[in-house]
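Working notes, structure below.
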Amino acid sequence: MNPLQKETPPVLVIRASRGFLRLNLKDVWAYRELLYFLVWRDIKVRYKQTALGAAWAIIQPVMTMVVFSVFFGRLAKVPSDGIPYPVFAFAALLPWQLFAFSLTESSNSLVGSQNLITKVYFPRLVIPLASVLAGVVDFGIAFLVLLGLLIFYGIKPTAAVVWLPLFVLLALATALSVGLWFSALNVKYRDVRYTIPFLTQLWMFATPVAYSSTLIPQPWRAWFGLNPMAGVVEGFRWALLGKSGGPGGLLWVSVAAVLLLLTGGLFYFRRMESTFADIA
Amino acid sequence: MVQPMNDIAIRADGIGKLYKLGARVRYRTLRDTFVDVLTAPFRARRNKDSATDATRTFWALKDVSFEVKQGEVVGVIGRNGAGKSTLLKILSRITEPTEGEARIHGRVGSLLEVGTGFHPELTGRENIYLNGAILGMKRAEIQARFDDIVGFAEVAKFIDTPVKHYSSGMYMRLAFAVAAHLEPEILVIDEVLAVGDLAFQKKCLGKMREVARTGRTVLFVSHNMTAIRNLCSRVVWLQHGKVNRVGRVADVIGDYLKSSSDSVTRLEWPNFAEAPGDEQVRLHRVSVGASDSERVGVVTVATPLTVEVSYWNNTADVTLNVCIEVYSLEEMCLFCSFDSPRVRPKGLIRSTCELPGNFLNDSTYQFRVLIVRDAGTIILKHEGVTIEVHDGERSVPYYGKWTGALRPALNWSTEVLSETQEMENVTADF
């Protein structure tokens with residue numbers, strides 16, 4: 001007897017999807033190895049044929065920090081909650097650059113994977129997800145520099161540091177939620193590609209990277225959390241630099257905003273998924 | 001006898017796929033959508049009968065139903081644009097059908113291209129893992145078959161070299177090798193045999209036969225009837241997005257080959273007044289076909305062809321000659337040929353041209369007609385006729401698409417200059 005016929009194989013029904021679509025996250029889980037290989041490919045390929053290699057992961061945030069320290073810290077004398085300005089800025093730049101990079105990569109990910117989308121089936125969610133996750137390695141490298149800065153300035157993290165991974169997760173979730181919308185829109189409207197550099201730039205100024213959220217008057221401060229990256233950045237400073245008080249209400253607003261955006265993004269992406277191969 | 005359900009591997013039931021014309025041609029920008037929205041009311045008024053809606057969409061597939069049993073190897077044939085690739089894309093879940101449904105019993109692996117997702121910067125080893133994962137293999141599966149894949153591709157020496165340094169032959173071999181070791185229950189393949197050199201071709205075909213023998217179900221699209229004949233037991237013939245016939249290979253292929261509906265091999269205008277041209281010259285007849293007019297059946301690459309151009313010359317004693325330009329499907333002029341310019345009397349004139357057998361490839365050719373005055377002025381230009389040339393018997397066991405616009409049989413001679421066992425210290429001295 002043929003071993004292939006021993007058990008009744010699963011039946012797959014192919015038909016037009018209509019109405020309310022389930023997210024099928026189980027399907028994504030089944031393709032976790034592909035996710036792993038795509039992340040691995042992105043990391044592996046990123047600094048191929050560059051002279052400086054992974055040093056780029058350090059150069060970018062460090063140079064930005066230096067410029068910020070000179071212009072905002074020294075010249076404009078932006079208050080930094082009693083923390084040395086370079087550390088203050090760097091602790092915010094790290095999650096910011098993780099976010100900005102992951103957002104840019106994931107938004108362009110579907111368009112950049114046309115050759116896969118039109119030739120092979122797999123849950124398309126794997127593509128933007130892989131792009132978001134691949135940003136973590138650069139973040140990890142730059143994080144070593146932050147540790148060095150902490151030692152240099154003699155700052156000892158408090159017990160709040162255990163929350164740090166959660167803030168990294170929140171930054172990734174924010175990048176993914178926006179990336180889902182943008183990557184799906186980008187397949188149809190290539191305008192998205194030109195919007196992203198501009199948007200990330202504006203978004204950075206709306207996020208307390210170069211300044212502190214304490215500049216915002218109190219009754220409005222929690223609403224500042226509608227920008228989820230404000231919650232991430234403030235959370236980072238709180239967890240690492242032992243900034244007193246913690247992000248408080250602002251953080252919860254951020255978490256709620258991300259959850260809303262992410263759920264919407266997942267459903268939108270799922271809805272558009274079936275058209276990607278036809279219009280990519 | 002009623003077949004039990006689990007005997008069926010693929011059941012397609014009324015599958016249709018509607019495409020919007022132009023949707024694939026160019027991506028949209030937001031501006032286009034704005035323009036569409038703004039002009040929509042005016043457009044609606046202009047075309048009340050919504051005829052434009054029907055012309056801007058087309059059914060790539062319509063009412064496609066068929067069944068494939070477990071362990072069967074079924075070929076899908078049809079001309080370009082018949083919907084073969086769309087069907088495969090639907091069955092491999094790359095795109096959704098607009099209507100109808102397909103039921104698939106078992107794990108599907110689809111191979112619409114070899115080397116999907118290969119990254120030039122990664123090494124052969126890395127690409128095997130990446131490509132394997134993309135094709136749906138588990139890491140453990142890839143690991144278990146790794147040595148087989150490398151052995152099959154014959155690239156062991158370069159396995160840790162980035163594939164951008166591979167020759168195109170090595171690249172294709174590696175790509176096919178990964179695909180060939182994909183072992184799903186149902187395999188959907190699009191014309192991927194056409195890779196590599198002759199020896200590798202043979203190996204691929206052997207591998208395909210092996211796959212078919214292990215009881216796997218295979219759906220195989222090809223233009224190549226020789227390969228279809230060799231591999232498949234049944235075929236589905238698609239025509240203009242519909243199933244024209246399903247049946248045993250021997251029954252369907254003959255009819256398929258004879259139906260050269262795409263080619264117009266003969267045009268004739270009986271009246272001077274209505275024929276294309278002007279008052280100087282007008283065409284009477286243009287035709288292309290097998291030189292042996294007794295011959296019935298299919299024109300193959302081996303068939304000698306005759307092109308005939310008859311025209312009325314309305315000016316006495318003018319120097320004329322006929323020129324034919326042969327175009328490929330890609331609108332590329334392959335060559336042109338003309339008869340000698342001579343002084344022609346007023347009247348009906350016929351020029352014929354012989355094309356030897358074993359000269360054209362298996363493709364569709366267009367023969368455009370020019371009539372030239374005084375060996376330099378084109379006085380008539382016509383789209384002419386087209387003919388589809390089919391593949392014939394081949395003298396070599398190679399079933400891939402024969403590359404090139406033409407397939408001339410040329411004279412070759414090969415001789416052994418010296419026979420040596422050790423190659424180390426050999427110099428070529430005579």
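The way I read the labels, and the way they are meant: chains A, B, ... in the order of the structure tokens, residue 1 as the first residue of every chain, and ligand 1 as the first ligand shown, with later ones counted on from there.
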If DSSP is run on the backbone, what residues of stretch 122-185 of chain A are alpha helix (DSSP H)? A reply as a PyMOL selection string would be ideal. chain A and resi 126-152+164-185
Save the residues we just selected, C-alpha atoms, as a PDB file, in the first residue's frame?
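Written out: out-v1.pdb:
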```
ATOM      1  CA  VAL A 126       5.220  36.635   7.145  1.00  0.00           C
ATOM      2  CA  ILE A 127       6.854  39.239   4.902  1.00  0.00           C
ATOM      3  CA  PRO A 128       6.271  42.476   6.870  1.00  0.00           C
ATOM      4  CA  LEU A 129       6.733  40.541  10.091  1.00  0.00           C
ATOM      5  CA  ALA A 130      10.165  39.365   9.012  1.00  0.00           C
ATOM      6  CA  SER A 131      11.177  42.902   8.049  1.00  0.00           C
ATOM      7  CA  VAL A 132      10.183  44.217  11.455  1.00  0.00           C
ATOM      8  CA  LEU A 133      12.023  41.497  13.327  1.00  0.00           C
ATOM      9  CA  ALA A 134      15.208  41.891  11.280  1.00  0.00           C
ATOM     10  CA  GLY A 135      15.667  45.356  12.795  1.00  0.00           C
ATOM     11  CA  VAL A 136      16.303  43.893  16.247  1.00  0.00           C
ATOM     12  CA  VAL A 137      19.881  42.912  15.455  1.00  0.00           C
ATOM     13  CA  ASP A 138      20.960  46.485  14.707  1.00  0.00           C
ATOM     14  CA  PHE A 139      19.223  47.542  17.858  1.00  0.00           C
ATOM     15  CA  GLY A 140      21.130  44.939  19.858  1.00  0.00           C
ATOM     16  CA  ILE A 141      24.463  46.130  18.498  1.00  0.00           C
ATOM     17  CA  ALA A 142      23.720  49.779  19.252  1.00  0.00           C
ATOM     18  CA  PHE A 143      22.494  48.794  22.698  1.00  0.00           C
ATOM     19  CA  LEU A 144      26.058  47.856  23.623  1.00  0.00           C
ATOM     20  CA  VAL A 145      27.039  51.477  23.039  1.00  0.00           C
ATOM     21  CA  LEU A 146      24.263  52.581  25.358  1.00  0.00           C
ATOM     22  CA  LEU A 147      25.608  50.283  28.079  1.00  0.00           C
ATOM     23  CA  GLY A 148      28.995  51.904  27.587  1.00  0.00           C
ATOM     24  CA  LEU A 149      27.459  55.359  27.965  1.00  0.00           C
ATOM     25  CA  LEU A 150      25.672  54.306  31.164  1.00  0.00           C
ATOM     26  CA  ILE A 151      28.949  53.121  32.652  1.00  0.00           C
ATOM     27  CA  PHE A 152      30.753  56.258  31.479  1.00  0.00           C
ATOM     28  CA  LEU A 164      12.783  47.093  29.088  1.00  0.00           C
ATOM     29  CA  PRO A 165      12.006  44.101  26.807  1.00  0.00           C
ATOM     30  CA  LEU A 166       8.340  45.046  26.941  1.00  0.00           C
ATOM     31  CA  PHE A 167       9.127  48.496  25.596  1.00  0.00           C
ATOM     32  CA  VAL A 168      11.171  46.967  22.792  1.00  0.00           C
ATOM     33  CA  LEU A 169       8.155  44.815  22.033  1.00  0.00           C
ATOM     34  CA  LEU A 170       5.901  47.860  22.064  1.00  0.00           C
ATOM     35  CA  ALA A 171       8.202  49.643  19.587  1.00  0.00           C
ATOM     36  CA  LEU A 172       8.109  46.581  17.294  1.00  0.00           C
ATOM     37  CA  ALA A 173       4.341  46.310  17.615  1.00  0.00           C
ATOM     38  CA  THR A 174       3.987  49.969  16.677  1.00  0.00           C
ATOM     39  CA  ALA A 175       6.237  49.501  13.659  1.00  0.00           C
ATOM     40  CA  LEU A 176       4.327  46.375  12.604  1.00  0.00           C
ATOM     41  CA  SER A 177       0.898  47.929  13.036  1.00  0.00           C
ATOM     42  CA  VAL A 178       1.755  50.914  10.850  1.00  0.00           C
ATOM     43  CA  GLY A 179       3.857  48.727   8.559  1.00  0.00           C
ATOM     44  CA  LEU A 180       0.884  46.438   7.902  1.00  0.00           C
ATOM     45  CA  TRP A 181      -1.253  49.308   6.687  1.00  0.00           C
ATOM     46  CA  PHE A 182       1.526  50.818   4.630  1.00  0.00           C
ATOM     47  CA  SER A 183       2.812  47.620   3.062  1.00  0.00           C
ATOM     48  CA  ALA A 184      -0.670  46.679   1.874  1.00  0.00           C
ATOM     49  CA  LEU A 185      -1.375  50.195   0.619  1.00  0.00           C
TER      50      LEU A 185
END
```
Interface, chain A side, toward chain B (6 Å; only C-alpha atoms) as a ChimeraX atom specification: /A:9-16,34,37,119,121,188-191,277,279
What's the separation between atom CA of B:Leu370 and atom CA of B:Glu279, in Å to one decimal place?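 Between atom CA of B:Leu370 and atom CA of B:Glu279 the gap works out to 15.7 Å.
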Might you pull out every residue within 12 Å of A:Thr64, with only C-alpha atoms counted and same-chain residues fewer than 2 positions away left off, and present them as an mmCIF file with C-alpha atoms, in the first residue's frame?
```cif
data_model
loop_
_atom_site.group_PDB
_atom_site.id
_atom_site.type_symbol
_atom_site.label_atom_id
_atom_site.label_comp_id
_atom_site.auth_asym_id
_atom_site.auth_seq_id
_atom_site.Cartn_x
_atom_site.Cartn_y
_atom_site.Cartn_z
ATOM 1 C CA ALA A 57 24.323 49.978 13.252
ATOM 2 C CA ILE A 58 26.414 52.047 15.675
ATOM 3 C CA ILE A 59 27.456 54.960 13.485
ATOM 4 C CA GLN A 60 23.926 56.097 12.702
ATOM 5 C CA PRO A 61 22.557 56.511 16.250
ATOM 6 C CA VAL A 62 25.878 57.767 17.621
ATOM 7 C CA VAL A 66 26.309 63.847 18.797
ATOM 8 C CA VAL A 67 24.383 66.293 16.621
ATOM 9 C CA PHE A 68 21.462 66.361 19.070
ATOM 10 C CA SER A 69 23.795 66.862 22.032
ATOM 11 C CA VAL A 70 25.493 69.825 20.364
ATOM 12 C CA PHE A 71 22.413 71.566 19.032
ATOM 13 C CA PHE A 72 19.624 70.663 21.433
ATOM 14 C CA PRO A 86 23.892 62.479 25.512
ATOM 15 C CA ALA A 89 19.041 61.417 23.783
ATOM 16 C CA PHE A 90 20.692 58.066 23.052
ATOM 17 C CA ALA A 91 18.258 56.119 25.236
ATOM 18 C CA ALA A 92 15.457 57.558 23.081
ATOM 19 C CA LEU A 93 17.258 57.295 19.743
ATOM 20 C CA LEU A 94 17.717 53.547 20.073
ATOM 21 C CA TRP A 96 13.263 55.364 17.747
ATOM 22 C CA GLN A 97 15.689 54.060 15.155
ATOM 23 C CA VAL A 209 13.366 61.987 21.392
ATOM 24 C CA ALA A 210 15.282 65.247 21.511
#
```
If you measure from atom CA of B:Ala375 to atom CA of B:Cys323, what distance in Å do you get, rounded to one decimal?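 Rounded to one decimal, the two atoms are 10.3 Å apart.
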Considering only strand (DSSP E or B) as DSSP defines it on the backbone, what residues of stretch 131-356 of chain B qualify? List them as JSON, numbers by chain. {"B": [162, 186, 187, 188, 189, 190, 217, 218, 219, 220, 221, 234, 235, 236, 237, 238, 239, 242, 243, 244, 245, 246, 247, 248, 266, 267, 268, 277, 281, 282, 283, 284, 285, 286, 287, 288, 289, 290, 300, 305, 306, 307, 308, 309, 310, 311, 312, 313, 318, 319, 320, 321, 322, 323, 324, 325, 326, 327, 333, 334, 335, 336, 337, 338, 342, 343, 344, 347, 348, 349, 350, 351, 352, 353, 354, 355]}
From the list B:Ala153, B:Val188, B:Leu219, B:Val64, which residue is nearest B:Lys203 when using only C-alpha atoms? B:Ala153
Could you pull the residues within 7 Å of A:Leu250, counting only C-alpha atoms, minus those fewer than 4 positions along the same chain, as a list in words?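 Once the adjacent positions are removed, what remains is Arg221, Ala222, Trp223, Phe224, Gly225, Gly231 and Ser254 of chain A.
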Output for the residues just chosen: N, CA and C atoms as a PDB file, in the first residue's frame:
```
ATOM      1  N   ARG A 221      -0.611  65.733  28.901  1.00  0.00           N
ATOM      2  CA  ARG A 221       0.509  64.823  28.711  1.00  0.00           C
ATOM      3  C   ARG A 221       0.060  63.399  28.364  1.00  0.00           C
ATOM      4  N   ALA A 222      -0.980  62.923  29.024  1.00  0.00           N
ATOM      5  CA  ALA A 222      -1.439  61.551  28.767  1.00  0.00           C
ATOM      6  C   ALA A 222      -1.874  61.382  27.309  1.00  0.00           C
ATOM      7  N   TRP A 223      -2.495  62.414  26.759  1.00  0.00           N
ATOM      8  CA  TRP A 223      -2.948  62.341  25.366  1.00  0.00           C
ATOM      9  C   TRP A 223      -1.787  62.269  24.397  1.00  0.00           C
ATOM     10  N   PHE A 224      -0.647  62.738  24.840  1.00  0.00           N
ATOM     11  CA  PHE A 224       0.564  62.640  24.037  1.00  0.00           C
ATOM     12  C   PHE A 224       0.846  61.167  23.710  1.00  0.00           C
ATOM     13  N   GLY A 225       0.342  60.298  24.592  1.00  0.00           N
ATOM     14  CA  GLY A 225       0.514  58.862  24.405  1.00  0.00           C
ATOM     15  C   GLY A 225      -0.219  58.310  23.202  1.00  0.00           C
ATOM     16  N   GLY A 231       5.077  56.782  24.279  1.00  0.00           N
ATOM     17  CA  GLY A 231       5.062  55.828  25.379  1.00  0.00           C
ATOM     18  C   GLY A 231       6.323  54.985  25.399  1.00  0.00           C
ATOM     19  N   SER A 254      -0.724  54.820  25.058  1.00  0.00           N
ATOM     20  CA  SER A 254       0.083  54.294  23.949  1.00  0.00           C
ATOM     21  C   SER A 254      -0.251  52.837  23.670  1.00  0.00           C
TER      22      SER A 254
END
```
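Taking atom CA of A:Ala160 as the reference point, atom CA of A:Arg237 is found at 10.1 Å.
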Would you pick out the contacts of stretch 408-417 of chain B at 7 Å or less, using only C-alpha atoms, so that residues sharing its chain but fewer than 3 positions from it are not included, and give the list as an MDAnalysis selection string? chainID B and resid 358:360
